[in-house]
>>> print(open('protein-v9.txt').read())   # compact mmCIF, C-alpha atoms
# COMPACT_ATOMS: atom_id res chain seq x y z
CA MET A 237 40.49 49.84 66.63
CA LYS A 238 38.20 49.68 63.59
CA HIS A 239 35.14 51.91 63.86
CA ASN A 240 31.80 51.21 62.20
CA ILE A 241 31.01 54.27 60.10
CA ALA A 242 27.47 54.22 58.67
CA ILE A 243 27.34 55.67 55.15
CA THR A 244 24.25 57.14 53.48
CA LYS A 245 24.99 58.21 49.92
CA ILE A 246 23.36 61.04 48.03
CA ALA A 247 21.10 59.97 45.15
CA GLU A 248 22.99 61.94 42.48
CA SER A 249 26.30 63.77 42.82
CA LYS A 250 26.54 67.51 42.11
CA VAL A 251 30.11 67.12 40.88
CA LYS A 252 28.89 66.96 37.28
CA ASP A 253 27.94 70.64 37.56
CA LEU A 254 31.38 71.81 38.71
CA ASP A 255 33.75 73.59 36.33
CA PHE A 256 37.15 72.45 37.64
CA ASN A 257 38.82 75.28 35.75
CA ASN A 258 36.82 77.89 37.61
CA ILE A 259 36.25 76.84 41.24
CA PRO A 260 34.75 79.60 43.42
CA LEU A 261 36.84 79.95 46.58
CA GLY A 262 35.20 78.54 49.69
CA THR A 263 31.64 78.39 48.37
CA THR A 264 31.52 74.98 46.66
CA PHE A 265 31.07 71.89 48.82
CA THR A 266 30.98 68.19 48.12
CA ASP A 267 27.99 65.88 48.44
CA HIS A 268 28.56 64.45 51.93
CA MET A 269 29.72 65.20 55.46
CA PHE A 270 31.04 63.06 58.31
CA ILE A 271 29.35 63.58 61.69
CA CYS A 272 29.93 62.23 65.19
CA ASP A 273 28.16 63.22 68.43
CA TYR A 274 29.50 63.62 71.97
CA SER A 275 27.34 63.16 75.09
CA ASN A 276 27.58 61.32 78.40
CA GLY A 277 31.36 61.47 78.17
CA GLU A 278 31.78 59.58 74.90
CA TRP A 279 31.66 59.92 71.13
CA SER A 280 29.02 57.90 69.30
CA ASN A 281 27.19 57.37 66.03
CA PRO A 282 29.95 58.10 63.48
CA ARG A 283 28.30 58.47 60.10
CA ILE A 284 28.56 59.94 56.63
CA GLU A 285 25.41 61.44 55.20
CA PRO A 286 24.37 63.92 52.50
CA LEU A 287 25.56 67.45 53.23
CA SER A 288 22.76 69.48 54.77
CA ALA A 289 22.05 72.25 57.25
CA ILE A 290 22.42 71.28 60.91
CA PRO A 291 19.58 72.05 63.35
CA THR A 292 21.07 74.36 66.00
CA HIS A 293 19.44 75.60 69.19
CA PRO A 294 19.79 79.38 69.70
CA ALA A 295 21.43 78.63 73.06
CA ALA A 296 24.10 76.35 71.56
CA MET A 297 27.12 77.15 73.68
CA ALA A 298 29.53 77.60 70.77
CA LEU A 299 27.48 80.61 69.66
CA HIS A 300 27.83 82.31 73.05
CA TYR A 301 31.08 81.10 74.60
CA GLY A 302 33.18 80.20 71.59
CA GLN A 303 34.05 76.54 72.17
CA ALA A 304 34.84 75.86 68.51
CA ILE A 305 38.02 74.50 66.93
CA PHE A 306 38.94 73.27 63.47
CA GLU A 307 41.60 71.79 61.24
CA GLY A 308 42.52 72.33 57.61
CA MET A 309 44.09 69.80 55.27
CA LYS A 310 44.06 68.71 51.65
CA ALA A 311 43.54 65.59 49.55
CA THR A 312 45.14 65.26 46.12
CA LYS A 313 45.61 62.41 43.63
CA ASP A 314 48.85 60.61 42.86
CA ALA A 315 50.16 59.77 39.39
CA ASN A 316 47.99 56.64 39.34
CA GLY A 317 44.79 58.52 40.19
CA ASN A 318 44.63 57.31 43.79
CA PRO A 319 43.44 59.82 46.41
CA VAL A 320 46.18 60.88 48.82
CA ILE A 321 45.87 62.53 52.26
CA PHE A 322 48.83 64.42 53.71
CA ARG A 323 49.95 63.87 57.35
CA ALA A 324 46.47 63.26 58.77
CA ASP A 325 47.92 61.96 62.04
CA LYS A 326 49.44 65.40 62.74
CA ASN A 327 46.12 67.12 62.17
CA ALA A 328 44.41 64.66 64.52
CA ALA A 329 46.97 65.36 67.23
CA ARG A 330 46.74 69.13 66.74
CA LEU A 331 42.94 69.06 66.96
CA ASN A 332 43.25 67.43 70.36
CA ALA A 333 45.89 69.94 71.46
CA SER A 334 43.42 72.69 70.55
CA ALA A 335 40.68 70.81 72.40
CA ASP A 336 42.86 70.72 75.54
CA ARG A 337 43.32 74.49 75.50
CA MET A 338 39.62 75.18 74.84
CA GLY A 339 38.33 72.80 77.53
CA MET A 340 36.85 70.37 75.02
CA PRO A 341 37.00 66.57 74.86
CA HIS A 342 39.53 64.72 72.73
CA PHE A 343 38.28 63.19 69.51
CA PRO A 344 39.67 59.65 68.95
CA GLU A 345 42.63 60.10 66.60
CA ASP A 346 42.10 56.77 64.87
CA LEU A 347 38.46 57.69 64.16
CA PHE A 348 39.61 61.11 62.88
CA VAL A 349 41.81 59.37 60.31
CA GLU A 350 39.19 56.74 59.46
CA GLY A 351 36.55 59.42 58.94
CA LEU A 352 38.86 61.33 56.61
CA LYS A 353 39.69 58.22 54.62
CA ALA A 354 36.03 57.31 54.23
CA MET A 355 35.09 60.86 53.21
CA VAL A 356 37.90 61.22 50.67
CA SER A 357 37.21 57.80 49.20
CA LEU A 358 33.54 58.68 48.78
CA GLU A 359 34.26 62.16 47.38
CA ARG A 360 37.27 61.25 45.21
CA ASN A 361 35.61 62.61 42.05
CA TRP A 362 35.65 66.07 43.64
CA ILE A 363 39.47 66.21 43.79
CA PRO A 364 40.54 68.79 41.16
CA PRO A 365 43.13 67.53 38.65
CA ALA A 366 45.01 70.80 38.01
CA ASP A 367 48.42 71.49 39.56
CA GLY A 368 48.12 73.46 42.80
CA SER A 369 44.48 72.45 43.25
CA ALA A 370 43.15 70.04 45.88
CA LEU A 371 40.14 68.90 47.84
CA TYR A 372 40.24 71.05 50.98
CA LEU A 373 39.14 69.13 54.08
CA ARG A 374 37.68 70.92 57.09
CA PRO A 375 37.33 68.83 60.28
CA PHE A 376 35.84 70.87 63.12
CA MET A 377 34.32 70.49 66.57
CA TYR A 378 31.92 72.75 68.41
CA ALA A 379 29.77 72.83 71.53
CA ASP A 380 26.12 72.27 70.60
CA GLU A 381 24.66 71.98 74.11
CA ALA A 382 21.75 74.36 74.70
CA PHE A 383 22.84 76.14 77.88
CA ILE A 384 23.41 79.75 78.90
CA GLY A 385 26.18 79.67 81.48
CA MET A 386 29.94 79.84 81.66
CA ARG A 387 31.28 76.29 81.85
CA ALA A 388 32.56 73.58 79.55
CA ALA A 389 29.80 72.11 77.44
CA THR A 390 28.76 68.48 77.78
CA HIS A 391 27.52 68.00 74.20
CA TYR A 392 29.62 68.48 71.07
CA LYS A 393 29.55 67.71 67.38
CA PHE A 394 32.55 66.72 65.27
CA ILE A 395 32.10 67.20 61.52
CA ILE A 396 34.24 66.81 58.42
CA MET A 397 33.21 68.69 55.30
CA ALA A 398 35.08 69.14 52.04
CA SER A 399 35.46 71.82 49.37
CA PRO A 400 37.35 71.67 46.06
CA ALA A 401 39.87 74.50 45.78
CA GLY A 402 42.19 75.99 43.20
CA PRO A 403 45.54 77.64 43.99
CA PHE A 404 45.19 80.14 46.84
CA PHE A 405 47.76 82.84 46.06
CA SER A 406 48.83 83.24 42.45
CA LYS A 407 50.96 86.35 42.98
CA ARG A 408 53.66 87.50 45.35
CA ILE A 409 52.11 88.95 48.48
CA LYS A 410 52.55 92.09 50.53
CA LEU A 411 52.35 92.09 54.34
CA TRP A 412 51.50 94.82 56.82
CA ALA A 413 53.37 94.66 60.16
CA GLU A 414 50.56 95.30 62.63
CA LYS A 415 51.50 97.29 65.75
CA GLN A 416 48.10 98.17 67.19
CA TYR A 417 46.12 94.95 67.10
CA ILE A 418 47.47 91.57 68.24
CA ARG A 419 46.69 87.99 67.33
CA ALA A 420 47.90 86.23 70.47
CA ALA A 421 49.58 86.78 73.81
CA HIS A 422 51.49 84.55 76.21
CA GLY A 423 49.01 82.28 77.97
CA GLY A 424 46.32 82.91 75.36
CA THR A 425 44.92 80.67 72.64
CA GLY A 426 47.42 81.42 69.87
CA GLU A 427 48.65 77.85 69.56
CA ALA A 428 45.10 76.49 69.40
CA LYS A 429 43.31 76.45 66.06
CA ALA A 430 40.31 78.11 67.67
CA ALA A 431 37.60 79.94 65.74
CA GLY A 432 37.92 83.05 67.92
CA ASN A 433 41.53 83.60 66.84
CA TYR A 434 40.34 84.18 63.31
CA ALA A 435 37.41 86.36 64.32
CA GLY A 436 39.82 88.70 66.09
CA ALA A 437 41.93 88.93 62.94
CA VAL A 438 39.12 90.07 60.62
CA LEU A 439 39.23 93.81 61.34
CA PRO A 440 43.03 94.25 61.23
CA THR A 441 43.16 92.22 58.02
CA GLU A 442 40.54 94.40 56.38
CA LEU A 443 42.45 97.51 57.49
CA ALA A 444 45.67 96.07 56.02
CA LYS A 445 43.91 95.36 52.72
CA ALA A 446 42.63 98.94 52.65
CA LYS A 447 46.30 100.04 52.79
CA GLY A 448 47.09 97.86 49.76
CA TYR A 449 48.43 94.79 51.57
CA ASP A 450 47.30 91.16 51.34
CA GLN A 451 47.79 89.92 54.91
CA VAL A 452 48.81 91.01 58.38
CA LEU A 453 52.25 90.21 59.77
CA TRP A 454 51.49 89.66 63.46
CA LEU A 455 53.89 90.95 66.10
CA ASP A 456 54.10 90.14 69.81
CA ALA A 457 51.58 91.59 72.24
CA VAL A 458 54.04 93.40 74.54
CA GLU A 459 56.78 95.10 72.51
CA HIS A 460 55.20 94.85 69.04
CA LYS A 461 58.50 93.83 67.47
CA TYR A 462 58.86 90.04 67.69
CA ILE A 463 57.40 88.36 64.62
CA GLN A 464 54.80 85.67 65.29
CA GLU A 465 53.11 84.61 62.05
CA VAL A 466 51.18 85.86 59.03
CA GLY A 467 47.36 86.06 58.88
CA THR A 468 46.78 82.47 57.79
CA MET A 469 50.36 81.21 57.71
CA ASN A 470 53.62 80.55 59.52
CA ILE A 471 56.59 82.47 58.11
CA PHE A 472 60.19 81.78 57.06
CA PHE A 473 63.01 84.25 56.31
CA LYS A 474 66.21 83.44 54.40
CA ILE A 475 68.93 85.72 55.75
CA ASP A 476 72.56 85.34 54.72
CA GLY A 477 71.98 81.83 53.37
CA LYS A 478 70.19 80.48 56.46
CA PHE A 479 66.51 80.09 57.25
CA ILE A 480 64.86 81.50 60.36
CA THR A 481 61.31 80.84 61.49
CA PRO A 482 59.76 82.13 64.73
CA LYS A 483 59.98 79.57 67.50
CA ARG A 484 56.85 78.10 69.00
CA ASP A 485 56.15 79.76 72.33
CA GLY A 486 52.46 79.05 72.87
CA SER A 487 51.40 81.98 70.69
CA ILE A 488 52.23 80.48 67.30
CA LEU A 489 50.27 77.77 65.54
CA ASP A 490 52.08 74.45 65.18
CA GLY A 491 51.67 74.38 61.42
CA ILE A 492 51.71 71.01 59.65
CA THR A 493 53.11 72.67 56.53
CA ARG A 494 55.62 74.52 58.73
CA MET A 495 57.02 71.31 60.20
CA SER A 496 57.07 69.70 56.75
CA VAL A 497 58.95 72.64 55.21
CA ILE A 498 61.52 72.55 58.03
CA ALA A 499 62.13 68.86 57.29
CA ILE A 500 62.44 69.46 53.53
CA LEU A 501 64.77 72.44 53.94
CA ARG A 502 67.07 70.47 56.24
CA ASP A 503 66.96 67.51 53.86
CA LYS A 504 68.11 69.88 51.10
CA GLY A 505 71.06 70.95 53.24
CA PHE A 506 69.86 74.28 54.57
CA GLU A 507 70.34 75.39 58.15
CA VAL A 508 66.97 76.15 59.77
CA THR A 509 66.81 77.93 63.10
CA GLU A 510 63.65 78.26 65.17
CA ARG A 511 64.14 81.37 67.28
CA ALA A 512 62.76 84.77 68.14
CA ILE A 513 63.17 87.21 65.27
CA THR A 514 62.28 90.91 65.31
CA ILE A 515 60.92 93.11 62.57
CA ASP A 516 63.97 95.34 63.20
CA GLU A 517 66.24 92.43 62.23
CA VAL A 518 64.33 91.93 59.00
CA GLN A 519 64.54 95.65 58.21
CA GLU A 520 68.28 95.66 58.84
CA ALA A 521 68.81 92.55 56.71
CA SER A 522 66.93 94.22 53.87
CA LYS A 523 69.13 97.33 54.14
CA ASN A 524 72.43 95.44 54.22
CA GLY A 525 71.46 93.04 51.43
CA THR A 526 71.35 89.79 53.42
CA LEU A 527 67.55 89.34 53.25
CA GLU A 528 67.30 86.89 50.35
CA GLU A 529 63.69 85.70 50.43
CA ALA A 530 60.72 85.04 52.68
CA PHE A 531 57.59 82.96 52.37
CA GLY A 532 54.53 81.96 54.31
CA THR A 533 53.45 78.35 54.80
CA GLY A 534 50.01 76.92 55.46
CA THR A 535 47.57 74.25 54.37
CA ALA A 536 45.35 76.53 52.29
CA VAL A 537 48.17 78.54 50.71
CA GLY A 538 50.90 75.91 50.46
CA ILE A 539 53.78 78.35 50.12
CA ALA A 540 53.12 82.05 49.50
CA TYR A 541 56.08 84.12 48.32
CA ILE A 542 56.51 87.48 50.05
CA GLN A 543 57.51 90.56 48.06
CA GLU A 544 57.42 93.32 50.66
CA ILE A 545 56.46 94.24 54.20
CA GLY A 546 54.99 97.56 55.27
CA VAL A 547 56.39 98.76 58.62
CA ASP A 548 55.07 102.11 59.85
CA ASP A 549 56.02 104.54 57.08
CA GLU A 550 58.61 102.24 55.49
CA VAL A 551 58.21 99.56 52.84
CA VAL A 552 60.72 96.74 53.30
CA HIS A 553 61.48 95.08 49.99
CA VAL A 554 62.00 91.36 50.53
CA SER A 555 62.63 89.91 47.07
CA ASP A 556 61.18 89.60 43.60
CA GLU A 557 62.03 85.91 43.41
CA SER A 558 61.93 83.02 45.90
CA PRO A 559 64.03 80.24 44.35
CA VAL A 560 64.26 78.09 47.47
CA GLY A 561 60.62 78.62 48.36
CA LEU A 562 59.62 77.61 44.84
CA ASP A 563 61.83 74.51 45.02
CA VAL A 564 60.35 73.49 48.38
CA ASN A 565 56.82 74.06 47.08
CA ASN A 566 57.55 71.90 44.04
CA THR A 567 58.98 69.20 46.31
CA LEU A 568 55.87 69.26 48.51
CA ASP A 569 53.61 69.01 45.46
CA ALA A 570 55.71 66.20 43.99
CA ILE A 571 55.43 64.21 47.23
CA LYS A 572 51.67 64.74 47.41
CA THR A 573 51.17 63.65 43.80
CA GLY A 574 53.52 60.67 43.94
CA GLN A 575 55.98 62.15 41.46
CA THR A 576 58.82 61.80 43.94
CA GLU A 577 59.58 59.41 46.78
CA ASP A 578 57.67 59.90 50.02
CA LYS A 579 60.87 59.44 52.02
CA PHE A 580 59.27 60.98 55.11
CA ASN A 581 56.30 58.56 55.08
CA TRP A 582 53.77 61.42 55.16
CA LEU A 583 51.05 60.09 52.84
CA ILE A 584 47.94 57.97 53.22
CA THR A 585 47.08 56.51 49.81
CA LEU A 586 43.53 55.25 49.21
CA LYS A 587 43.37 52.59 46.50
CA ASN A 588 39.92 51.12 47.09
CA GLU A 589 36.57 52.77 46.45
CA LEU A 590 35.97 52.97 50.20
CA ALA A 591 38.78 52.65 52.72
>>> encode(input="protein-v9.txt", output="structure tokens")
Amino acid sequence: MKHNIAITKIAESKVKDLDFNNIPLGTTFTDHMFICDYSNGEWSNPRIEPLSAIPTHPAAMALHYGQAIFEGMKATKDANGNPVIFRADKNAARLNASADRMGMPHFPEDLFVEGLKAMVSLERNWIPPADGSALYLRPFMYADEAFIGMRAATHYKFIIMASPAGPFFSKRIKLWAEKQYIRAAHGGTGEAKAAGNYAGAVLPTELAKAKGYDQVLWLDAVEHKYIQEVGTMNIFFKIDGKFITPKRDGSILDGITRMSVIAILRDKGFEVTERAITIDEVQEASKNGTLEEAFGTGTAVGIAYIQEIGVDDEVVHVSDESPVGLDVNNTLDAIKTGQTEDKFNWLITLKNELA
């Protein structure tokens, strides 16, 4: 189904003022935003308009009861200069899985993809050219009904905004295995990309940084030993030549990069097992020399190479190099930039000014 997206362009783009060699993280935004409204049981009025503040009633339910979800994805350019979007259909499906858990309506997946294509086509000049850089896309949905009461809202907004971004992590990272605070528990919202999940992670992350670490390594809520994920990433360990990543159990985000890395690793001939893995197993593998490398995966970070993990009073050295992680990262980048075959059929390539 083709949707009619009204487009109102800004008079003059701000992109001319951007230094692509020095992009401030998360504070620079493109000229436009996509908006769609939900009321009376349906989505209506899809449009792209100049980026601006959104009038919000103080009783907007998202502010009080937390019905807010989001996605994260990137647009790059291929070797011919055409904008490329990576696996947008998976992000559309995951948004709706999050909506299910948070009691929110589905957003039409075809309109999700169409809105992204229209936004990226319009904002193509904002896509940074440097390796490892991209136009970060943030689709999100929140309850904007003015009502004080505990129930599902009846009015929502769906918005897509965009922000140019340079490489996220430029150095190997250090993780702190958190045993007091938790990210998610069985039956909770861990698998949903819900705003509240990230709010609950702020304090423990700041405490980890104060100890000299970059991110939290989340453990299970009951025994504090089963590894779940890293602050903003899924995680992979290479032990004795094989890769292990924590299995999805309702507490772990179904990462788009995670599923892509699993496919690439298997295509390269590696065995990848999705199963429960404990921090004790990682410590033991480090001691006996079978822990070869580990890396986090996520849209914002791509692949982040892990150097060490702090566990209580012990520092577990992971590795000083991540040869397979680097190879997988290069493969992902080569697919996204058209330098290698998209054998998995993951890309949407935009060749016209507006798609």
>>> closest_residue(input="protein-v9.txt", among="A:Ile409, A:Ser522, A:Ala444, A:Thr481", to="Ile542 in chain A", atoms="only C-alpha atoms")
A:Ile409
>>> residues_around(input="protein-v9.txt", residues="range 467-472 of chain A", least_positions_apart="5", cutoff="7 Å", atoms="only C-alpha atoms", output="short mmCIF file (atom, residue, chain, number, x, y, z; two decimals) with C-alpha atoms, in the frame of the given file")
data_model
loop_
_atom_site.label_atom_id
_atom_site.label_comp_id
_atom_site.auth_asym_id
_atom_site.auth_seq_id
_atom_site.Cartn_x
_atom_site.Cartn_y
_atom_site.Cartn_z
CA GLN A 451 47.79 89.92 54.91
CA VAL A 452 48.81 91.01 58.38
CA LEU A 453 52.25 90.21 59.77
CA PHE A 479 66.51 80.09 57.25
CA ILE A 480 64.86 81.50 60.36
CA THR A 481 61.31 80.84 61.49
CA GLY A 491 51.67 74.38 61.42
CA ARG A 494 55.62 74.52 58.73
CA ALA A 530 60.72 85.04 52.68
CA PHE A 531 57.59 82.96 52.37
CA GLY A 532 54.53 81.96 54.31
CA THR A 533 53.45 78.35 54.80
CA GLY A 534 50.01 76.92 55.46
#
>>> residues_around(input="protein-v9.txt", residues="Pro403 in chain A", least_positions_apart="5", cutoff="8 Å", atoms="all atoms listed in the file", output="list in words")
Gly368, Ser369 and Val537 of chain A
>>> write_last_selection(input="protein-v9.txt", atoms="C-alpha atoms", output="PDB file, in the frame of the given file")
ATOM      1  CA  GLY A 368      48.120  73.460  42.800  1.00  0.00           C
ATOM      2  CA  SER A 369      44.480  72.450  43.250  1.00  0.00           C
ATOM      3  CA  VAL A 537      48.170  78.540  50.710  1.00  0.00           C
TER       4      VAL A 537
END
>>> atom_distance(input="protein-v9.txt", atom1="CA of Gly339 in chain A", atom2="CA of Lys353 in chain A")
27.2 Å
>>> closest_residue(input="protein-v9.txt", among="A:Asn361, A:Gln416, A:Ser280, A:Asn257", to="Phe343 in chain A", atoms="all atoms listed in the file")
A:Ser280
>>> closest_residue(input="protein-v9.txt", among="A:Glu517, A:Asp450, A:Glu285, A:Asp380", to="Met397 in chain A", atoms="all atoms listed in the file")
A:Glu285
>>> residues_around(input="protein-v9.txt", residues="Ser357 in chain A", least_positions_apart="6", cutoff="12 Å", atoms="all atoms listed in the file", output="list in words")
Ile243, His268, Ile284, Ala311, Thr312, Lys313, Gly317, Asn318, Pro319, Val320, Ile321, Glu350, Gly351, Ile363, Leu371, Ala398, Ile584, Thr585, Leu586, Lys587, Asn588, Glu589, Leu590 and Ala591 of chain A
>>> closest_residue(input="protein-v9.txt", among="A:Lys415, A:Lys579, A:Lys478, A:Lys245", to="Ala457 in chain A", atoms="only C-alpha atoms")
A:Lys415
>>> build_atoms(input="protein-v9.txt", residues="range 307-329 of chain A", atoms="N, CA, C and O atoms", output="tab-separated table (two decimals), in the frame of the given file")
chain	number	residue	atom	x	y	z
A	307	GLU	N	40.38	72.15	61.93
A	307	GLU	CA	41.60	71.79	61.24
A	307	GLU	C	41.44	72.09	59.75
A	307	GLU	O	40.32	72.27	59.26
A	308	GLY	N	42.55	72.14	59.06
A	308	GLY	CA	42.52	72.33	57.61
A	308	GLY	C	43.55	71.41	56.99
A	308	GLY	O	44.69	71.33	57.46
A	309	MET	N	43.19	70.73	55.94
A	309	MET	CA	44.09	69.80	55.27
A	309	MET	C	43.60	69.59	53.84
A	309	MET	O	42.52	70.05	53.48
A	310	LYS	N	44.41	68.89	53.04
A	310	LYS	CA	44.06	68.71	51.65
A	310	LYS	C	44.23	67.26	51.20
A	310	LYS	O	45.10	66.55	51.70
A	311	ALA	N	43.39	66.88	50.24
A	311	ALA	CA	43.54	65.59	49.55
A	311	ALA	C	43.84	65.88	48.09
A	311	ALA	O	43.24	66.77	47.48
A	312	THR	N	44.79	65.15	47.54
A	312	THR	CA	45.14	65.26	46.12
A	312	THR	C	45.08	63.85	45.52
A	312	THR	O	44.67	62.90	46.19
A	313	LYS	N	45.51	63.72	44.26
A	313	LYS	CA	45.61	62.41	43.63
A	313	LYS	C	47.05	62.18	43.19
A	313	LYS	O	47.73	63.11	42.74
A	314	ASP	N	47.50	60.93	43.31
A	314	ASP	CA	48.85	60.61	42.86
A	314	ASP	C	48.85	60.33	41.36
A	314	ASP	O	47.81	60.47	40.68
A	315	ALA	N	50.00	59.97	40.83
A	315	ALA	CA	50.16	59.77	39.39
A	315	ALA	C	49.28	58.64	38.86
A	315	ALA	O	48.97	58.58	37.67
A	316	ASN	N	48.85	57.75	39.75
A	316	ASN	CA	47.99	56.64	39.34
A	316	ASN	C	46.51	56.92	39.56
A	316	ASN	O	45.66	56.05	39.36
A	317	GLY	N	46.19	58.14	39.97
A	317	GLY	CA	44.79	58.52	40.19
A	317	GLY	C	44.23	58.14	41.54
A	317	GLY	O	43.02	58.25	41.77
A	318	ASN	N	45.09	57.67	42.45
A	318	ASN	CA	44.63	57.31	43.79
A	318	ASN	C	44.58	58.54	44.69
A	318	ASN	O	45.51	59.34	44.71
A	319	PRO	N	43.50	58.71	45.46
A	319	PRO	CA	43.44	59.82	46.41
A	319	PRO	C	44.53	59.69	47.47
A	319	PRO	O	44.85	58.58	47.93
A	320	VAL	N	45.09	60.83	47.85
A	320	VAL	CA	46.18	60.88	48.82
A	320	VAL	C	45.86	61.93	49.88
A	320	VAL	O	45.43	63.04	49.54
A	321	ILE	N	46.05	61.59	51.14
A	321	ILE	CA	45.87	62.53	52.26
A	321	ILE	C	47.23	62.76	52.90
A	321	ILE	O	48.00	61.82	53.10
A	322	PHE	N	47.52	64.01	53.23
A	322	PHE	CA	48.83	64.42	53.71
A	322	PHE	C	48.85	64.58	55.23
A	322	PHE	O	48.13	65.41	55.78
A	323	ARG	N	49.63	63.76	55.92
A	323	ARG	CA	49.95	63.87	57.35
A	323	ARG	C	48.71	64.01	58.25
A	323	ARG	O	48.66	64.85	59.16
A	324	ALA	N	47.72	63.18	58.02
A	324	ALA	CA	46.47	63.26	58.77
A	324	ALA	C	46.68	63.04	60.26
A	324	ALA	O	45.94	63.59	61.10
A	325	ASP	N	47.68	62.23	60.62
A	325	ASP	CA	47.92	61.96	62.04
A	325	ASP	C	48.31	63.24	62.79
A	325	ASP	O	47.95	63.42	63.95
A	326	LYS	N	49.04	64.14	62.11
A	326	LYS	CA	49.44	65.40	62.74
A	326	LYS	C	48.25	66.32	62.95
A	326	LYS	O	48.15	67.02	63.97
A	327	ASN	N	47.33	66.32	62.00
A	327	ASN	CA	46.12	67.12	62.17
A	327	ASN	C	45.26	66.59	63.31
A	327	ASN	O	44.67	67.36	64.08
A	328	ALA	N	45.18	65.26	63.43
A	328	ALA	CA	44.41	64.66	64.52
A	328	ALA	C	44.99	65.05	65.86
A	328	ALA	O	44.25	65.41	66.80
A	329	ALA	N	46.32	65.00	65.97
A	329	ALA	CA	46.97	65.36	67.23
A	329	ALA	C	46.80	66.84	67.54
A	329	ALA	O	46.57	67.23	68.70
